[in-house]
Amino acid sequence: MKAVQYRSVGAAPEVVTVPDPEPGPGQVLLKVTAAGVCHSDIAVMSMPAERLSFPLPLTLGHEGVGTVAALGAGVTGLAEGEAVAVYGPWGCGNCAKCAEGKENYCLRAAELGIRPPGLGAPGAMAEYMVVDSPRHLVPLGGLDPVRAVPLTDAGLTPYHAIKRSLGKLTPGSTAVVIGTGGLGHVAIQLLRAMTAARVIALDVTEEKLALARSVGAHETVRSDASAPARVRELTGGIGAQVVLDFVGAPPTAAAAGAMVAVEGDVTIVGLGGGTLAVGFGALPYEVSVSSPYWGTRAELIEVLDLARVGAVDVHVETYGIDEAPLAYERLHSGRINGRAVILPNG
Ligand code: NAD
Ligand code: ZN
Ligand code: ZN
């Protein structure tokens, strides 16, 4: 079968032919319908060899949906042909965090060598993929697979980040979304569906800001040195109760700290290497700063439920498997609006 692989450190991803996988005991083989292209893959492909925690080659794709093609020995509860979404942050299934559905924070994944598909295990950017357990599959339940696939990360990650701050997103509050790309443009829609907050979106190009407005941002602001002052102006000097930073670079993390309100939350989701110092006087009183990773199994079910009632509409650009390297190139240079989705069997 064809697969999109990251094969050697620093090289561009390549489309190669690899043996068709077979599901082992307890595993599920999916025929992949769609795989999302996430900026984290670019972060991984920019890491020096000593920071990579898994061997190459790696089949990319940590956002996947497909249909059940074969069941490994002992697997029950799934039917061949059933359409499912993959829960990506695989854990052991047994530790205290996994028992709560928080496999993204599994206590034993590192020790057991468990890695997410596309981030260590073979991922969804291939005609077929093996999912290690039926526990990591959620029925699509009638959702369009191509528009639903980004929900497994670009939906789940902002959903988890917003849930942490729901108590602060009261009527009259303001939420800022920094970076309105794959994750950010879904975050705006989730904020609108889950809260009464006013949403201010920041990005660097007019095209991205136009997408932000079209998916529900009340205000858009150019992300530059004057952005914190503009956000304070728009909030009567108070600042934003919640700032979600989907860039996470040093200037955006600093801007987040400069625009957050007293008792607000700053959540750094982007992997841009930015940090925010916490200590008396460094930030407004009682601000909380967090950097979460992905989301829980229950939250993926909730995000798909939200999409099913029409609350989220992911803006997608589709590519055939041979065009996947082009999709990465375009994402790297900021030329994807919304989410790029690869159709490995399309
Ligand atoms: P993306 O490329 O689709 O979106 C990033 C957006 O940020 C783009 O619209 C870009 O124009 C904008 N941007 C760039 N510089 C900016 C600046 N200085 N100010 C404002 N906007 C700016 O990327 P994505 O796939 O949505 O991922 C976003 C980030 O989240 C990446 O760093 C990714 O690695 C990370 N991520 C983290 C998790 C997690 O669990 N923590 C999960 C998924 C993705
Ligand atoms: Zn991702
Ligand atoms: Zn675990």
# chains A, B, ... in the order shown; residues from 1 in each chain; ligands from 1

call {"tool": "closest_atom_pairs", "arguments": {"of": "chain A", "to": "ligand 1", "cutoff": "6 Å", "atoms": "only C-alpha atoms and all ligand atoms", "output": "tab-separated table"}}
result
residue	atom	partner	partner_atom_place_in_ligand_line	distance
A:Cys38	CA	ligand 1	25 (O)	4.0
A:His39	CA	ligand 1	25 (O)	3.8
A:Ser40	CA	ligand 1	34 (O)	3.3
A:Asp153	CA	ligand 1	43 (C)	5.9
A:Thr157	CA	ligand 1	40 (O)	5.5
A:Ile178	CA	ligand 1	20 (C)	5.1
A:Gly179	CA	ligand 1	7 (O)	3.4
A:Thr180	CA	ligand 1	9 (O)	4.6
A:Gly181	CA	ligand 1	4 (O)	3.3
A:Gly182	CA	ligand 1	26 (O)	3.6
A:Leu183	CA	ligand 1	26 (O)	3.8
A:Gly184	CA	ligand 1	26 (O)	5.8
A:Leu202	CA	ligand 1	20 (C)	5.3
A:Asp203	CA	ligand 1	21 (N)	3.6
A:Val204	CA	ligand 1	21 (N)	5.2
A:Lys208	CA	ligand 1	9 (O)	5.8
A:Ser223	CA	ligand 1	19 (N)	4.6
A:Phe246	CA	ligand 1	29 (C)	4.6
A:Val247	CA	ligand 1	32 (O)	5.1
A:Thr252	CA	ligand 1	18 (N)	5.7
A:Val269	CA	ligand 1	41 (N)	4.2
A:Gly270	CA	ligand 1	32 (O)	3.4
A:Leu271	CA	ligand 1	32 (O)	3.9
A:Gly272	CA	ligand 1	32 (O)	5.5
A:Pro292	CA	ligand 1	41 (N)	5.4
A:Tyr293	CA	ligand 1	40 (O)	3.4
A:Trp294	CA	ligand 1	40 (O)	3.7
A:Leu331	CA	ligand 1	2 (O)	5.7
A:Gly334	CA	ligand 1	11 (O)	5.5

call {"tool": "select_by_dssp", "arguments": {"residues": "stretch 19-113 of chain A", "states": "strand (DSSP E)", "output": "VMD selection string"}}
result
chain A and resid 28 to 37 58 to 59 63 to 71 83 to 86

call {"tool": "write_last_selection", "arguments": {"atoms": "C-alpha atoms", "output": "tab-separated table (two decimals), in the first residue's frame"}}
result
chain	number	residue	atom	x	y	z
A	28	VAL	CA	-8.36	-3.38	14.40
A	29	LEU	CA	-7.41	-2.78	10.76
A	30	LEU	CA	-8.93	0.37	9.22
A	31	LYS	CA	-9.20	1.32	5.59
A	32	VAL	CA	-8.35	5.00	5.96
A	33	THR	CA	-10.89	7.42	4.52
A	34	ALA	CA	-9.20	10.66	5.59
A	35	ALA	CA	-6.14	11.86	7.52
A	36	GLY	CA	-5.58	15.41	8.79
A	37	VAL	CA	-2.36	17.42	8.39
A	58	LEU	CA	7.48	6.96	10.48
A	59	THR	CA	4.13	6.82	8.66
A	63	GLU	CA	-5.79	12.53	12.80
A	64	GLY	CA	-7.55	9.56	11.19
A	65	VAL	CA	-10.97	8.25	10.23
A	66	GLY	CA	-11.72	5.08	8.32
A	67	THR	CA	-13.88	2.05	7.97
A	68	VAL	CA	-13.27	-1.22	9.80
A	69	ALA	CA	-11.53	-3.55	7.31
A	70	ALA	CA	-10.62	-6.50	9.57
A	71	LEU	CA	-10.74	-7.44	13.24
A	83	ALA	CA	-17.11	4.20	10.01
A	84	VAL	CA	-14.97	5.24	12.97
A	85	ALA	CA	-12.69	8.03	14.18
A	86	VAL	CA	-9.37	7.24	15.84

call {"tool": "residues_around", "arguments": {"residues": "A:Ala229", "least_positions_apart": "6", "cutoff": "9 Å", "atoms": "only C-alpha atoms", "output": "PyMOL selection string"}}
result
chain A and resi 237+239+258-259

call {"tool": "closest_residue", "arguments": {"among": "A:Leu60, A:Ala109, A:Leu52, A:Ala12", "to": "ligand 3", "atoms": "only C-alpha atoms and all ligand atoms"}}
result
A:Ala109

call {"tool": "closest_residue", "arguments": {"among": "A:Gly248, A:Pro150, A:Gly72, A:Gly264", "to": "A:Ser165", "atoms": "only C-alpha atoms"}}
result
A:Gly264

call {"tool": "closest_atom_pairs", "arguments": {"of": "stretch 117-151 of chain A", "to": "stretch 313-328 of chain A", "cutoff": "12 Å", "atoms": "only C-alpha atoms", "output": "tab-separated table"}}
result
residue	atom	partner	partner_atom	distance
A:Ala124	CA	A:Ile321	CA	10.9
A:Met125	CA	A:Ile321	CA	7.5
A:Ala126	CA	A:Ile321	CA	7.7
A:Glu127	CA	A:Ile321	CA	8.7
A:Leu143	CA	A:Asp313	CA	10.8
A:Asp144	CA	A:Asp313	CA	10.4
A:Pro145	CA	A:Val314	CA	11.1
A:Val146	CA	A:Val316	CA	7.7
A:Arg147	CA	A:Val314	CA	5.7
A:Ala148	CA	A:Val314	CA	7.4
A:Val149	CA	A:Val314	CA	9.1
A:Pro150	CA	A:Val314	CA	7.3
A:Leu151	CA	A:Val314	CA	7.9

call {"tool": "write_last_selection", "arguments": {"atoms": "C-alpha atoms", "output": "PDB file, in the first residue's frame"}}
result
ATOM      1  CA  ALA A 124      -3.260   7.370   9.250  1.00  0.00           C
ATOM      2  CA  MET A 125      -1.546   8.747   6.154  1.00  0.00           C
ATOM      3  CA  ALA A 126      -1.680   5.394   4.374  1.00  0.00           C
ATOM      4  CA  GLU A 127      -4.282   3.261   2.666  1.00  0.00           C
ATOM      5  CA  LEU A 143     -20.693  12.572  10.269  1.00  0.00           C
ATOM      6  CA  ASP A 144     -18.986  13.359   6.981  1.00  0.00           C
ATOM      7  CA  PRO A 145     -15.569  11.664   7.421  1.00  0.00           C
ATOM      8  CA  VAL A 146     -13.560  14.348   5.625  1.00  0.00           C
ATOM      9  CA  ARG A 147     -14.937  17.229   7.698  1.00  0.00           C
ATOM     10  CA  ALA A 148     -14.884  15.130  10.866  1.00  0.00           C
ATOM     11  CA  VAL A 149     -11.287  13.910  10.756  1.00  0.00           C
ATOM     12  CA  PRO A 150      -9.766  17.176  12.075  1.00  0.00           C
ATOM     13  CA  LEU A 151     -12.044  16.919  15.096  1.00  0.00           C
TER      14      LEU A 151
END

call {"tool": "closest_residue", "arguments": {"among": "A:Val242, A:Leu107, A:Leu119, A:Val18", "to": "ligand 2", "atoms": "only C-alpha atoms and all ligand atoms"}}
result
A:Leu119

call {"tool": "closest_residue", "arguments": {"among": "A:Ala210, A:Ile200, A:Ala3, A:Leu276", "to": "A:Tyr128", "atoms": "only C-alpha atoms"}}
result
A:Ala3

call {"tool": "residues_near_ligand", "arguments": {"ligand": "ligand 3", "cutoff": "10 Å", "atoms": "only C-alpha atoms and all ligand atoms", "output": "PyMOL selection string"}}
result
chain A and resi 90-110+112+114

call {"tool": "write_last_selection", "arguments": {"atoms": "C-alpha atoms", "output": "PDB file, in the first residue's frame"}}
result
ATOM      1  CA  TRP A  90      -3.040   6.075  23.064  1.00  0.00           C
ATOM      2  CA  GLY A  91      -2.329   5.021  26.618  1.00  0.00           C
ATOM      3  CA  CYS A  92      -2.102   1.725  28.489  1.00  0.00           C
ATOM      4  CA  GLY A  93      -5.827   1.650  29.311  1.00  0.00           C
ATOM      5  CA  ASN A  94      -5.201   0.535  32.907  1.00  0.00           C
ATOM      6  CA  CYS A  95      -3.430   3.248  34.933  1.00  0.00           C
ATOM      7  CA  ALA A  96      -5.298   5.801  37.061  1.00  0.00           C
ATOM      8  CA  LYS A  97      -5.304   8.449  34.293  1.00  0.00           C
ATOM      9  CA  CYS A  98      -6.419   5.976  31.613  1.00  0.00           C
ATOM     10  CA  ALA A  99      -9.188   4.755  33.918  1.00  0.00           C
ATOM     11  CA  GLU A 100     -10.558   8.316  33.770  1.00  0.00           C
ATOM     12  CA  GLY A 101     -10.312   8.298  29.972  1.00  0.00           C
ATOM     13  CA  LYS A 102      -7.283  10.618  30.155  1.00  0.00           C
ATOM     14  CA  GLU A 103      -5.090   8.423  27.977  1.00  0.00           C
ATOM     15  CA  ASN A 104      -3.377  11.632  26.805  1.00  0.00           C
ATOM     16  CA  TYR A 105      -1.814  11.685  30.285  1.00  0.00           C
ATOM     17  CA  CYS A 106      -1.202   7.920  30.622  1.00  0.00           C
ATOM     18  CA  LEU A 107       1.228   7.270  33.462  1.00  0.00           C
ATOM     19  CA  ARG A 108       2.822   4.263  31.768  1.00  0.00           C
ATOM     20  CA  ALA A 109       2.891   5.055  28.027  1.00  0.00           C
ATOM     21  CA  ALA A 110       6.585   6.016  28.010  1.00  0.00           C
ATOM     22  CA  LEU A 112       5.593   0.628  27.848  1.00  0.00           C
ATOM     23  CA  ILE A 114       3.192   3.218  23.613  1.00  0.00           C
TER      24      ILE A 114
END
